[in-house]
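**Student:** So here's work_26.csv (CSV, C-alpha atoms and all ligand atoms).
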```csv
chain,number,residue,atom,x,y,z
A,1045,MET,CA,24.6,-15.9,-4.8
A,1046,THR,CA,20.9,-15.1,-5.2
A,1047,ILE,CA,18.4,-17.4,-3.5
A,1048,GLN,CA,15.1,-17.8,-5.4
A,1049,THR,CA,12.2,-17.1,-3.1
A,1050,ALA,CA,8.4,-17.3,-3.7
A,1051,ILE,CA,7.3,-13.7,-3.4
A,1052,PRO,CA,3.6,-13.5,-4.0
A,1053,VAL,CA,2.1,-11.1,-6.6
A,1054,SER,CA,-1.5,-9.8,-6.3
A,1055,VAL,CA,-2.5,-8.0,-9.5
A,1056,GLU,CA,-2.2,-9.1,-13.1
A,1057,TRP,CA,-3.5,-7.8,-16.4
A,1058,LYS,CA,-4.9,-10.7,-18.5
A,1059,ASP,CA,-5.6,-9.4,-22.1
A,1060,ASP,CA,-9.2,-8.2,-21.3
A,1061,HIS,CA,-9.6,-8.5,-17.6
A,1062,ILE,CA,-7.8,-8.2,-14.2
A,1063,ARG,CA,-6.7,-11.3,-12.2
A,1064,LEU,CA,-6.6,-10.4,-8.6
A,1065,LEU,CA,-5.4,-12.3,-5.5
A,1066,ASN,CA,-8.4,-12.1,-3.1
A,1067,GLN,CA,-6.7,-10.8,0.0
A,1068,GLN,CA,-9.9,-11.2,2.0
A,1069,ALA,CA,-9.6,-15.0,1.6
A,1070,LEU,CA,-6.0,-15.2,2.9
A,1071,PRO,CA,-4.5,-17.1,4.6
A,1072,GLU,CA,-7.1,-19.9,4.5
A,1073,SER,CA,-7.2,-19.9,0.7
A,1074,THR,CA,-5.1,-18.6,-2.1
A,1075,GLU,CA,-7.9,-17.6,-4.4
A,1076,TYR,CA,-7.7,-15.6,-7.6
A,1077,ILE,CA,-10.7,-13.7,-8.9
A,1078,GLU,CA,-11.4,-12.2,-12.3
A,1079,LEU,CA,-12.5,-8.6,-12.5
A,1080,THR,CA,-14.3,-7.9,-15.7
A,1081,THR,CA,-16.2,-4.6,-14.9
A,1082,ILE,CA,-15.4,-1.3,-13.3
A,1083,GLN,CA,-17.9,-2.2,-10.6
A,1084,ASP,CA,-15.9,-5.3,-9.8
A,1085,VAL,CA,-12.8,-3.1,-9.4
A,1086,TYR,CA,-14.6,-0.6,-7.2
A,1087,ASP,CA,-16.0,-3.4,-5.0
A,1088,SER,CA,-12.6,-5.1,-4.7
A,1089,ILE,CA,-11.0,-1.9,-3.4
A,1090,VAL,CA,-13.8,-1.0,-1.0
A,1091,THR,CA,-14.0,-4.6,0.4
A,1092,LEU,CA,-10.2,-4.9,0.8
A,1093,LYS,CA,-9.9,-7.7,-1.7
A,1094,VAL,CA,-7.0,-5.5,-2.9
A,1095,ARG,CA,-5.5,-3.1,-0.4
A,1096,GLY,CA,-2.2,-1.3,0.2
A,1097,ALA,CA,-1.6,2.1,-1.3
A,1098,PRO,CA,0.4,1.1,-4.5
A,1099,ALA,CA,-1.7,-2.0,-5.2
A,1100,ILE,CA,-4.9,0.1,-5.0
A,1101,GLY,CA,-3.4,2.6,-7.5
A,1102,ILE,CA,-2.3,-0.2,-9.9
A,1103,THR,CA,-5.7,-2.0,-9.7
A,1104,ALA,CA,-7.6,1.3,-10.3
A,1105,ALA,CA,-5.3,2.1,-13.3
A,1106,PHE,CA,-6.1,-1.3,-14.8
A,1107,GLY,CA,-9.8,-0.8,-13.9
A,1108,LEU,CA,-9.9,2.5,-15.8
A,1109,ALA,CA,-8.2,0.9,-18.8
A,1110,LEU,CA,-10.7,-2.0,-18.6
A,1111,ALA,CA,-13.7,0.3,-18.4
A,1112,ALA,CA,-12.5,2.5,-21.3
A,1113,GLN,CA,-12.2,-0.5,-23.7
A,1114,GLY,CA,-16.0,-0.8,-23.5
A,1115,TYR,CA,-17.1,2.8,-24.4
A,1116,GLU,CA,-19.1,2.5,-27.6
A,1117,THR,CA,-18.4,6.0,-29.0
A,1118,SER,CA,-15.8,6.8,-31.6
A,1119,GLU,CA,-16.0,10.5,-30.7
A,1120,LEU,CA,-12.9,11.4,-28.7
A,1121,ALA,CA,-14.5,14.2,-26.7
A,1122,GLU,CA,-17.4,12.0,-25.6
A,1123,TRP,CA,-15.0,9.1,-24.9
A,1124,ARG,CA,-12.9,11.4,-22.7
A,1125,ALA,CA,-16.0,12.6,-20.8
A,1126,GLN,CA,-16.9,8.9,-20.0
A,1127,LEU,CA,-13.3,8.4,-18.9
A,1128,LYS,CA,-13.5,11.3,-16.5
A,1129,LYS,CA,-16.7,10.0,-15.1
A,1130,ASP,CA,-15.2,6.6,-14.4
A,1131,ARG,CA,-12.0,8.2,-13.0
A,1132,ASP,CA,-14.3,10.0,-10.5
A,1133,TYR,CA,-16.2,6.9,-9.7
A,1134,LEU,CA,-13.0,4.9,-8.8
A,1135,ALA,CA,-11.6,7.9,-6.9
A,1136,GLU,CA,-14.6,7.5,-4.5
A,1137,SER,CA,-13.5,4.0,-3.4
A,1138,ARG,CA,-11.1,4.9,-0.6
A,1139,PRO,CA,-10.1,8.4,0.6
A,1140,THR,CA,-6.7,8.1,2.3
A,1141,ALA,CA,-4.1,6.4,0.1
A,1142,VAL,CA,-3.0,9.1,-2.4
A,1143,ASN,CA,-1.6,6.5,-4.8
A,1144,LEU,CA,-5.3,5.9,-5.9
A,1145,PHE,CA,-5.7,9.5,-7.2
A,1146,TRP,CA,-2.1,9.7,-8.4
A,1147,ALA,CA,-2.6,6.6,-10.6
A,1148,LEU,CA,-6.0,7.7,-11.9
A,1149,ASP,CA,-4.8,11.1,-12.8
A,1150,ARG,CA,-1.7,9.7,-14.5
A,1151,MET,CA,-4.0,7.5,-16.6
A,1152,VAL,CA,-6.2,10.4,-17.7
A,1153,GLN,CA,-3.2,12.5,-18.6
A,1154,SER,CA,-1.7,9.6,-20.6
A,1155,VAL,CA,-4.4,9.9,-23.3
A,1156,GLU,CA,-4.2,13.7,-23.6
A,1157,CYS,CA,-2.4,13.6,-26.9
A,1158,ALA,CA,-4.3,10.7,-28.4
A,1159,GLN,CA,-5.7,11.4,-31.8
A,1160,THR,CA,-8.3,8.6,-32.0
A,1161,VAL,CA,-10.4,6.5,-29.6
A,1162,ASN,CA,-8.6,3.3,-30.6
A,1163,GLU,CA,-5.2,4.9,-29.9
A,1164,ALA,CA,-6.4,6.2,-26.5
A,1165,LYS,CA,-7.8,2.7,-25.6
A,1166,THR,CA,-4.4,1.0,-26.3
A,1167,GLU,CA,-2.5,3.8,-24.6
A,1168,LEU,CA,-4.5,3.3,-21.4
A,1169,ILE,CA,-3.5,-0.4,-21.2
A,1170,HIS,CA,0.1,0.5,-21.8
A,1171,GLU,CA,0.1,3.2,-19.2
A,1172,ALA,CA,-1.4,0.8,-16.5
A,1173,ILE,CA,1.3,-1.8,-17.4
A,1174,ARG,CA,4.0,0.9,-17.1
A,1175,ILE,CA,2.7,2.0,-13.7
A,1176,GLN,CA,2.9,-1.6,-12.4
A,1177,ALA,CA,6.3,-2.3,-13.9
A,1178,GLU,CA,7.7,1.0,-12.5
A,1179,ASP,CA,6.3,0.2,-9.1
A,1180,GLU,CA,8.1,-3.1,-9.0
A,1181,ALA,CA,11.4,-1.4,-9.9
A,1182,ILE,CA,10.7,1.3,-7.3
A,1183,CYS,CA,10.0,-1.2,-4.5
A,1184,ARG,CA,13.2,-3.0,-5.4
A,1185,GLN,CA,15.1,0.3,-5.0
A,1186,ILE,CA,13.3,1.1,-1.7
A,1187,GLY,CA,14.3,-2.4,-0.4
A,1188,GLU,CA,18.0,-1.8,-1.3
A,1189,HIS,CA,18.0,1.6,0.4
A,1190,ALA,CA,16.3,0.1,3.5
A,1191,LEU,CA,18.9,-2.7,3.6
A,1192,SER,CA,21.6,0.0,4.1
A,1193,LEU,CA,19.9,1.0,7.4
A,1194,LEU,CA,19.6,-2.6,8.8
A,1195,LYS,CA,22.1,-5.2,9.8
A,1196,ASN,CA,22.1,-9.0,9.2
A,1197,GLY,CA,20.3,-10.8,12.0
A,1198,GLU,CA,18.5,-7.8,13.5
A,1199,ALA,CA,15.0,-8.0,15.0
A,1200,VAL,CA,12.6,-5.5,13.2
A,1201,MET,CA,9.0,-4.7,13.9
A,1202,THR,CA,6.3,-3.9,11.4
A,1203,ILE,CA,2.5,-3.3,11.2
A,1204,CYS,CA,-0.2,-3.9,8.7
A,1205,ASN,CA,1.0,-5.3,5.3
A,1206,ALA,CA,3.3,-3.0,3.3
A,1207,GLY,CA,4.4,-6.0,1.4
A,1208,SER,CA,4.6,-7.5,-2.1
A,1209,ILE,CA,0.8,-8.0,-2.2
A,1210,ALA,CA,0.3,-4.3,-1.3
A,1211,THR,CA,2.4,-3.2,-4.3
A,1212,ALA,CA,3.5,-4.6,-7.7
A,1213,ARG,CA,6.1,-6.8,-6.0
A,1214,TYR,CA,8.5,-6.8,-3.0
A,1215,GLY,CA,6.5,-4.2,-1.1
A,1216,THR,CA,7.9,-1.1,0.7
A,1217,ALA,CA,8.4,-1.8,4.4
A,1218,LEU,CA,8.7,-5.6,3.7
A,1219,ALA,CA,11.0,-5.1,0.6
A,1220,PRO,CA,14.3,-5.3,2.7
A,1221,PHE,CA,13.1,-8.7,4.1
A,1222,HIS,CA,12.3,-10.2,0.7
A,1223,ILE,CA,15.4,-8.8,-1.0
A,1224,GLY,CA,17.5,-9.6,2.1
A,1225,LYS,CA,16.4,-13.2,1.8
A,1226,GLU,CA,17.5,-13.4,-1.8
A,1227,LYS,CA,20.9,-12.1,-0.8
A,1228,GLY,CA,21.3,-14.3,2.3
A,1229,ILE,CA,20.7,-11.4,4.7
A,1230,ASP,CA,18.3,-12.6,7.4
A,1231,PHE,CA,16.1,-10.6,9.8
A,1232,LYS,CA,13.8,-11.6,12.6
A,1233,VAL,CA,10.5,-9.8,11.8
A,1234,TYR,CA,7.9,-9.1,14.5
A,1235,ALA,CA,4.6,-8.5,12.7
A,1236,CYS,CA,1.8,-6.8,14.7
A,1237,GLU,CA,-1.5,-8.5,13.9
A,1238,THR,CA,-3.2,-5.2,13.0
A,1239,ARG,CA,-6.7,-5.1,14.3
A,1240,PRO,CA,-9.4,-4.6,13.2
A,1241,VAL,CA,-8.9,-6.4,9.9
A,1242,LEU,CA,-5.8,-8.3,10.7
A,1243,GLN,CA,-3.5,-7.4,7.7
A,1244,GLY,CA,-0.5,-8.2,9.9
A,1245,SER,CA,-1.6,-11.8,10.8
A,1246,ARG,CA,-3.5,-12.7,7.7
A,1247,LEU,CA,-1.3,-11.1,5.1
A,1248,THR,CA,2.2,-10.1,6.4
A,1249,ALA,CA,2.8,-13.4,8.4
A,1250,TRP,CA,1.6,-15.4,5.3
A,1251,GLU,CA,3.6,-13.4,2.8
A,1252,LEU,CA,6.8,-13.5,4.7
A,1253,MET,CA,6.4,-17.2,5.3
A,1254,GLN,CA,5.9,-17.7,1.6
A,1255,SER,CA,9.4,-16.3,0.9
A,1256,GLY,CA,11.0,-18.0,3.9
A,1257,VAL,CA,11.5,-14.9,6.1
A,1258,ASP,CA,11.7,-15.5,9.8
A,1259,VAL,CA,8.4,-13.9,11.1
A,1260,THR,CA,6.9,-13.9,14.6
A,1261,LEU,CA,3.3,-12.8,15.1
A,1262,ILE,CA,2.3,-10.6,18.0
A,1263,THR,CA,-1.0,-8.9,18.9
A,1264,ASP,CA,-0.9,-5.1,18.8
A,1265,ASN,CA,-0.9,-4.7,22.5
A,1266,MET,CA,2.3,-6.8,22.8
A,1267,ALA,CA,4.4,-4.1,21.0
A,1268,ALA,CA,5.8,-2.3,24.0
A,1269,HIS,CA,6.7,-5.5,25.8
A,1270,THR,CA,8.2,-7.0,22.6
A,1271,MET,CA,10.3,-3.8,22.0
A,1272,LYS,CA,11.6,-4.0,25.6
A,1273,THR,CA,12.4,-7.7,25.7
A,1274,LYS,CA,13.2,-8.8,22.1
A,1275,ASP,CA,16.0,-6.4,21.2
A,1276,ILE,CA,14.0,-4.7,18.4
A,1277,LYS,CA,16.6,-2.7,16.4
A,1278,ALA,CA,14.1,-0.9,14.1
A,1279,VAL,CA,10.5,-0.3,13.3
A,1280,ILE,CA,9.6,-0.1,9.6
A,1281,VAL,CA,6.2,0.7,8.2
A,1282,GLY,CA,4.6,1.7,4.9
A,1283,ALA,CA,2.5,4.8,4.2
A,1284,ASP,CA,-0.7,5.8,2.6
A,1285,ARG,CA,0.0,9.5,2.3
A,1286,ILE,CA,3.1,11.5,3.3
A,1287,VAL,CA,2.6,15.3,3.2
A,1288,ALA,CA,5.1,18.2,2.7
A,1289,ASN,CA,6.3,18.3,6.3
A,1290,GLY,CA,6.8,14.5,6.5
A,1291,ASP,CA,3.7,13.8,8.6
A,1292,THR,CA,2.6,10.3,7.5
A,1293,ALA,CA,-0.8,8.6,7.4
A,1294,ASN,CA,-0.6,4.8,7.7
A,1295,LYS,CA,-2.6,1.9,9.1
A,1296,ILE,CA,-4.2,2.6,12.5
A,1297,GLY,CA,-1.8,1.7,15.2
A,1298,THR,CA,1.3,3.1,13.4
A,1299,PHE,CA,1.4,6.3,15.5
A,1300,GLY,CA,1.3,4.2,18.7
A,1301,LEU,CA,4.3,2.2,17.5
A,1302,ALA,CA,6.2,5.5,16.7
A,1303,VAL,CA,5.6,6.8,20.2
A,1304,LEU,CA,6.8,3.6,21.7
A,1305,ALA,CA,9.9,3.5,19.4
A,1306,LYS,CA,10.8,7.0,20.6
A,1307,GLU,CA,10.5,6.0,24.2
A,1308,PHE,CA,12.8,3.0,23.6
A,1309,ASN,CA,15.2,4.9,21.4
A,1310,ILE,CA,14.5,2.6,18.4
A,1311,PRO,CA,14.7,4.1,14.9
A,1312,PHE,CA,11.3,4.5,13.3
A,1313,TYR,CA,11.4,4.2,9.4
A,1314,VAL,CA,8.7,4.9,6.9
A,1315,ALA,CA,9.2,3.2,3.5
A,1316,ALA,CA,7.2,4.6,0.5
A,1317,PRO,CA,7.5,5.5,-3.2
A,1318,LEU,CA,7.2,9.1,-4.4
A,1319,SER,CA,3.7,8.3,-5.6
A,1320,THR,CA,2.6,8.1,-1.9
A,1321,PHE,CA,3.7,11.8,-1.3
A,1322,ASP,CA,1.1,14.5,-1.4
A,1323,VAL,CA,3.1,17.8,-1.3
A,1324,THR,CA,-0.1,19.8,-2.0
A,1325,ILE,CA,-0.9,19.3,1.7
A,1326,GLU,CA,1.3,21.1,4.3
A,1327,SER,CA,0.5,19.1,7.5
A,1328,GLY,CA,-0.9,15.7,8.5
A,1329,GLU,CA,-4.0,17.5,10.0
A,1330,GLU,CA,-5.3,17.9,6.5
A,1331,ILE,CA,-5.2,14.2,5.5
A,1332,PRO,CA,-8.7,12.6,5.1
A,1333,ILE,CA,-8.9,9.6,7.4
A,1334,GLU,CA,-11.2,6.8,6.3
A,1335,GLU,CA,-13.7,5.5,8.8
A,1336,ARG,CA,-15.0,2.0,8.1
A,1337,ALA,CA,-17.9,-0.1,9.1
A,1338,PRO,CA,-18.4,-0.8,12.9
A,1339,GLU,CA,-18.6,-4.6,12.2
A,1340,GLU,CA,-14.9,-4.6,11.6
A,1341,VAL,CA,-14.5,-3.8,15.3
A,1342,THR,CA,-17.5,-5.7,16.7
A,1343,GLU,CA,-16.7,-8.9,14.9
A,1344,ILE,CA,-13.6,-10.9,14.0
A,1345,GLN,CA,-14.0,-12.9,10.8
A,1346,GLY,CA,-17.8,-12.8,11.1
A,1347,VAL,CA,-17.9,-13.8,14.8
A,1348,LYS,CA,-19.4,-11.3,17.2
A,1349,THR,CA,-17.0,-10.1,19.9
A,1350,ALA,CA,-18.9,-7.1,21.3
A,1351,PRO,CA,-22.5,-6.3,22.5
A,1352,GLU,CA,-25.1,-5.5,20.0
A,1353,ASN,CA,-25.5,-1.8,19.3
A,1354,VAL,CA,-22.3,-0.7,21.1
A,1355,GLN,CA,-20.9,2.6,19.9
A,1356,VAL,CA,-17.9,2.2,17.7
A,1357,PHE,CA,-15.1,4.4,16.4
A,1358,ASN,CA,-13.2,2.7,13.5
A,1359,PRO,CA,-10.6,5.0,11.8
A,1360,ALA,CA,-8.6,2.9,9.3
A,1361,PHE,CA,-5.5,5.1,9.5
A,1362,ASP,CA,-3.7,7.4,11.9
A,1363,VAL,CA,-1.1,10.2,11.3
A,1364,THR,CA,2.4,10.0,12.7
A,1365,PRO,CA,3.8,13.5,13.2
A,1366,ASN,CA,7.2,13.9,11.5
A,1367,GLU,CA,9.1,14.4,14.8
A,1368,TYR,CA,8.6,10.7,15.5
A,1369,ILE,CA,10.1,9.6,12.2
A,1370,THR,CA,13.8,8.8,12.0
A,1371,ALA,CA,13.9,8.6,8.2
A,1372,ILE,CA,11.7,8.1,5.1
A,1373,ILE,CA,13.0,5.5,2.7
A,1374,THR,CA,12.1,6.2,-1.0
A,1375,GLU,CA,13.3,5.0,-4.4
A,1376,LYS,CA,15.5,8.1,-4.6
A,1377,GLY,CA,17.2,7.4,-1.3
A,1378,VAL,CA,16.8,8.0,2.4
A,1379,VAL,CA,15.4,11.3,3.6
A,1380,GLN,CA,16.2,12.5,7.1
A,1381,ALA,CA,14.9,15.5,9.2
A,1382,PRO,CA,14.4,18.3,8.4
A,1383,PHE,CA,11.8,16.5,6.2
A,1384,ALA,CA,10.2,19.6,4.6
A,1385,GLU,CA,13.6,20.4,3.0
A,1386,GLY,CA,14.4,16.8,2.1
A,1387,ILE,CA,11.0,16.2,0.6
A,1388,GLN,CA,11.1,19.4,-1.5
A,1389,MET,CA,14.5,18.2,-2.8
A,1390,LEU,CA,12.9,14.8,-3.8
A,1391,PHE,CA,10.5,16.6,-6.1
A,1392,SER,CA,12.8,19.3,-7.4
A,1393,GLU,CA,15.5,16.9,-8.8
B,1401,LIG,O1,-6.3,-0.5,4.8
B,1401,LIG,P1,-5.1,-1.0,4.0
B,1401,LIG,O2,-4.8,-2.4,4.3
B,1401,LIG,O3,-5.2,-0.6,2.6
B,1401,LIG,O4,-3.9,-0.2,4.7
B,1401,LIG,C1,-2.6,-0.4,4.1
B,1401,LIG,C2,-1.5,0.3,4.8
B,1401,LIG,O5,-1.7,1.0,5.8
B,1401,LIG,C3,-0.2,0.1,4.2
B,1401,LIG,O6,0.8,0.2,5.2
B,1401,LIG,C4,0.1,1.2,3.2
B,1401,LIG,O7,-0.9,1.3,2.3
B,1401,LIG,C5,1.4,0.9,2.5
B,1401,LIG,S1,1.3,-0.5,1.4
B,1401,LIG,C6,2.9,-0.6,0.6
```
What would you get if you wrote out this structure as structure tokens?
Ligand code: MRU

**Tutor:**
Amino acid sequence: MTIQTAIPVSVEWKDDHIRLLNQQALPESTEYIELTTIQDVYDSIVTLKVRGAPAIGITAAFGLALAAQGYETSELAEWRAQLKKDRDYLAESRPTAVNLFWALDRMVQSVECAQTVNEAKTELIHEAIRIQAEDEAICRQIGEHALSLLKNGEAVMTICNAGSIATARYGTALAPFHIGKEKGIDFKVYACETRPVLQGSRLTAWELMQSGVDVTLITDNMAAHTMKTKDIKAVIVGADRIVANGDTANKIGTFGLAVLAKEFNIPFYVAAPLSTFDVTIESGEEIPIEERAPEEVTEIQGVKTAPENVQVFNPAFDVTPNEYITAIITEKGVVQAPFAEGIQMLFSE
């Protein structure tokens, strides 16, 4: 029996514009905004109205398709030059999630064989729609593979939001909870609130409640005590970039959870599509880590919580070294250590 659940979706292509769930407004208001220019798309990514590696990639793909519809020229070479400029503009929006560059490059490649500007314009829209549809199917597969590692009724911890609204649908780390719910398999999810911008409390708690998943919110500094006292059987997180040796960049705080999980002998799983891998990089040391505005640390939702002019360090991501990771769950199956070999296999098949 399949139970119908209300899994929220964040990005939609609407004929000539993008309809986006404004994740900044959640959970107080479920507000959709219309993106009609490439600047709107850039701004939405920078200000986290859309966030989460696959959703950033999908939105950027639609953004490039949107921009390219408006180029006036009928000269293909000139049209391609403008496309490349806009590709580079959107690529500047955020540095860590590799899905952004993966999606933009796939979009540019998709029009390599086009014979006319009109053909190329249509192809870009089709390619963005394909990227989104594929991501939904991939997230479903990730969720099914993740379910093979978890048992009905278990308590599982997560951080940030690697959910439906961070992807085309279902999410990566949250996919087993959504799909489990459809199949009558229940989990007790502990969501870390995820300071500084609260993706865990504002987004994950909201999203899982929408689909009826049993979710309990904790602050980030409650993780060790919760692992010790609440019989946590697994930690599952998403990823922004996984490199050739399995080192994984994800939301700041992920590395801390991995260290704790090792101490408590709890399996630590990373769930991500192949589009989140960057095998051009050998080790996590080389991953660019975004640093964001100090106000994200000195304020909570616009309310000051720190003295004026205090020095702030605000990295948005950290890198979990591969030795802390039990397994990486992809659409092609579960990869275990040694990761370098397993990851190479993923890309050679
Ligand atoms: O800064 P964010 O909210 O974009 O960070 C998101 C994360 O770290 C997610 O875990 C990651 O992108 C995976 S989303 C499926």

**Student:** Using all atoms listed in the file, which residues have at least one atom no more than 6 Å from ligand LIG 1401 (chain B)? Output them as a list in words.

**Tutor:**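 Answer in the requested format: Arg1095, Gly1096, Ala1097, Pro1098, Cys1204, Asn1205, Ala1206, Gly1207, Ala1210, Thr1211, Gly1215, Thr1216, Gly1282, Ala1283, Asp1284, Asn1294 and Lys1295 of chain A.
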
**Student:** To one decimal place in Å, what is the distance between atom CA of A:Ala1267 and atom CA of A:Ala1302?

**Tutor:**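 About the pair atom CA of A:Ala1267 and atom CA of A:Ala1302: they are 10.7 Å apart.
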
**Student:** With a distance cut-off of 7 Å and all atoms listed in the file, select the neighbouring residues of A:Val1085, excluding the residue or stretch itself and same-chain residues fewer than 4 positions from it, and output the selection as a PyMOL selection string.

**Tutor:** chain A and resi 1079+1081+1089+1104+1107

**Student:** Write out as JSON an axis-aligned box for stretch 1375-1392 of chain A: all of its atoms listed in the file, 5 Å added on each side, centre and edge lengths in Å with one decimal.

**Tutor:**
```
{"center_x": 13.7, "center_y": 12.7, "center_z": 0.9, "size_x": 17.0, "size_y": 25.4, "size_z": 26.6}
```

**Student:** Restricting the calculation to all atoms listed in the file: of A:Glu1119, A:Asp1291, A:Glu1385, A:Glu1056, which residue gets closest to A:Ala1212?

**Tutor:**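 Smallest separation from A:Ala1212 among the options: A:Glu1056.
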
**Student:** In terms of the shortest atom-to-atom distance over all atoms listed in the file, which of A:Glu1198, A:Asp1060, A:Glu1171, A:Glu1178 is closest to A:Lys1274?

**Tutor:**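 Closest to A:Lys1274, using all atoms listed in the file: A:Glu1198.
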
**Student:** Here is a test: counting all atoms listed in the file, which residue of A:Asn1162, A:Asn1066, A:Gln1126, A:Thr1202 is nearest to A:Ala1249?

**Tutor:** A:Thr1202

**Student:** For a test of reading the model, state the distance in Å between atom CA of A:Phe1308 and atom CA of A:Met1201, rounded to one decimal.

**Tutor:**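 One can read the atom CA of A:Phe1308 to atom CA of A:Met1201 distance as 13.0 Å.
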
**Student:** Any idea what the distance is between atom CA of A:Gly1114 and atom CA of A:Met1151?

**Tutor:**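 Computing the Euclidean distance for atom CA of A:Gly1114 and atom CA of A:Met1151 yields 16.1 Å.
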
**Student:** Between A:Glu1078, A:Glu1072, A:Glu1367, A:Asp1132, single out the one closest to A:Ala1305, counting only C-alpha atoms.

**Tutor:**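 The shortest atom-to-atom distance to A:Ala1305 comes from A:Glu1367.
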
**Student:** So, counting all atoms listed in the file, which residue among A:Thr1238, A:Gln1243, A:Gln1067, A:Asn1358 is closest to A:Ile1262?

**Tutor:**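 For A:Ile1262, the nearest of the given residues is A:Thr1238.
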
**Student:** Got a sec: who's within 12 Å of A:Glu1343, counting all atoms listed in the file, leaving out chain neighbours fewer than 4 positions off, as a PyMOL selection string?

**Tutor:** chain A and resi 1239-1242+1337-1339+1347-1352+1354+1356

**Student:** Please determine, counting only C-alpha atoms, which residue among A:Ser1054, A:Asn1309, A:Gln1083, A:Thr1292 has the shortest atom-to-atom distance to A:Asp1322.

**Tutor:**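 Among A:Ser1054, A:Asn1309, A:Gln1083, A:Thr1292, it is A:Thr1292 that comes nearest to A:Asp1322.
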
**Student:** Leaving out A:Ile1173 and any residue of its chain fewer than 6 positions from it, which residues lie within 12 Å of it when counting all atoms listed in the file, given as a PyMOL selection string?

**Tutor:** chain A and resi 1055-1059+1062+1101-1107+1109+1147+1151+1166-1167+1179-1180+1212

**Student:** Can you tell me, as an mmCIF file with C-alpha atoms, keeping the file's coordinate frame, what residues are no more than 12 Å from A:Leu1120 when counting all atoms listed in the file, ignoring any on the same chain fewer than 3 positions away?

**Tutor:**
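Output (out_17.cif):
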```cif
data_model
loop_
_atom_site.group_PDB
_atom_site.id
_atom_site.type_symbol
_atom_site.label_atom_id
_atom_site.label_comp_id
_atom_site.auth_asym_id
_atom_site.auth_seq_id
_atom_site.Cartn_x
_atom_site.Cartn_y
_atom_site.Cartn_z
ATOM 1 C CA ALA A 1112 -12.500 2.500 -21.300
ATOM 2 C CA TYR A 1115 -17.100 2.800 -24.400
ATOM 3 C CA GLU A 1116 -19.100 2.500 -27.600
ATOM 4 C CA THR A 1117 -18.400 6.000 -29.000
ATOM 5 C CA TRP A 1123 -15.000 9.100 -24.900
ATOM 6 C CA ARG A 1124 -12.900 11.400 -22.700
ATOM 7 C CA ALA A 1125 -16.000 12.600 -20.800
ATOM 8 C CA GLN A 1126 -16.900 8.900 -20.000
ATOM 9 C CA LEU A 1127 -13.300 8.400 -18.900
ATOM 10 C CA VAL A 1155 -4.400 9.900 -23.300
ATOM 11 C CA GLU A 1156 -4.200 13.700 -23.600
ATOM 12 C CA CYS A 1157 -2.400 13.600 -26.900
ATOM 13 C CA ALA A 1158 -4.300 10.700 -28.400
ATOM 14 C CA GLN A 1159 -5.700 11.400 -31.800
ATOM 15 C CA THR A 1160 -8.300 8.600 -32.000
ATOM 16 C CA VAL A 1161 -10.400 6.500 -29.600
ATOM 17 C CA ASN A 1162 -8.600 3.300 -30.600
ATOM 18 C CA GLU A 1163 -5.200 4.900 -29.900
ATOM 19 C CA ALA A 1164 -6.400 6.200 -26.500
ATOM 20 C CA LYS A 1165 -7.800 2.700 -25.600
#
```

**Student:** Counting all atoms listed in the file, I want the residues whose atoms come within 9 Å of (5.7, 7.4, -1.6) in the file frame, returned as a PyMOL selection string.

**Tutor:** chain A and resi 1098+1142-1143+1282-1286+1315-1322+1373-1375

**Student:** Show me the residues around (11.0, -13.4, 2.3) - criterion: an atom at most 8 Å away, all atoms listed in the file counted - as a list in words.

**Tutor:**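 Selection result: Thr1049, Ala1050, Ile1051, Phe1221, His1222, Ile1223, Gly1224, Lys1225, Glu1226, Glu1251, Leu1252, Met1253, Gln1254, Ser1255, Gly1256, Val1257 and Asp1258 of chain A.
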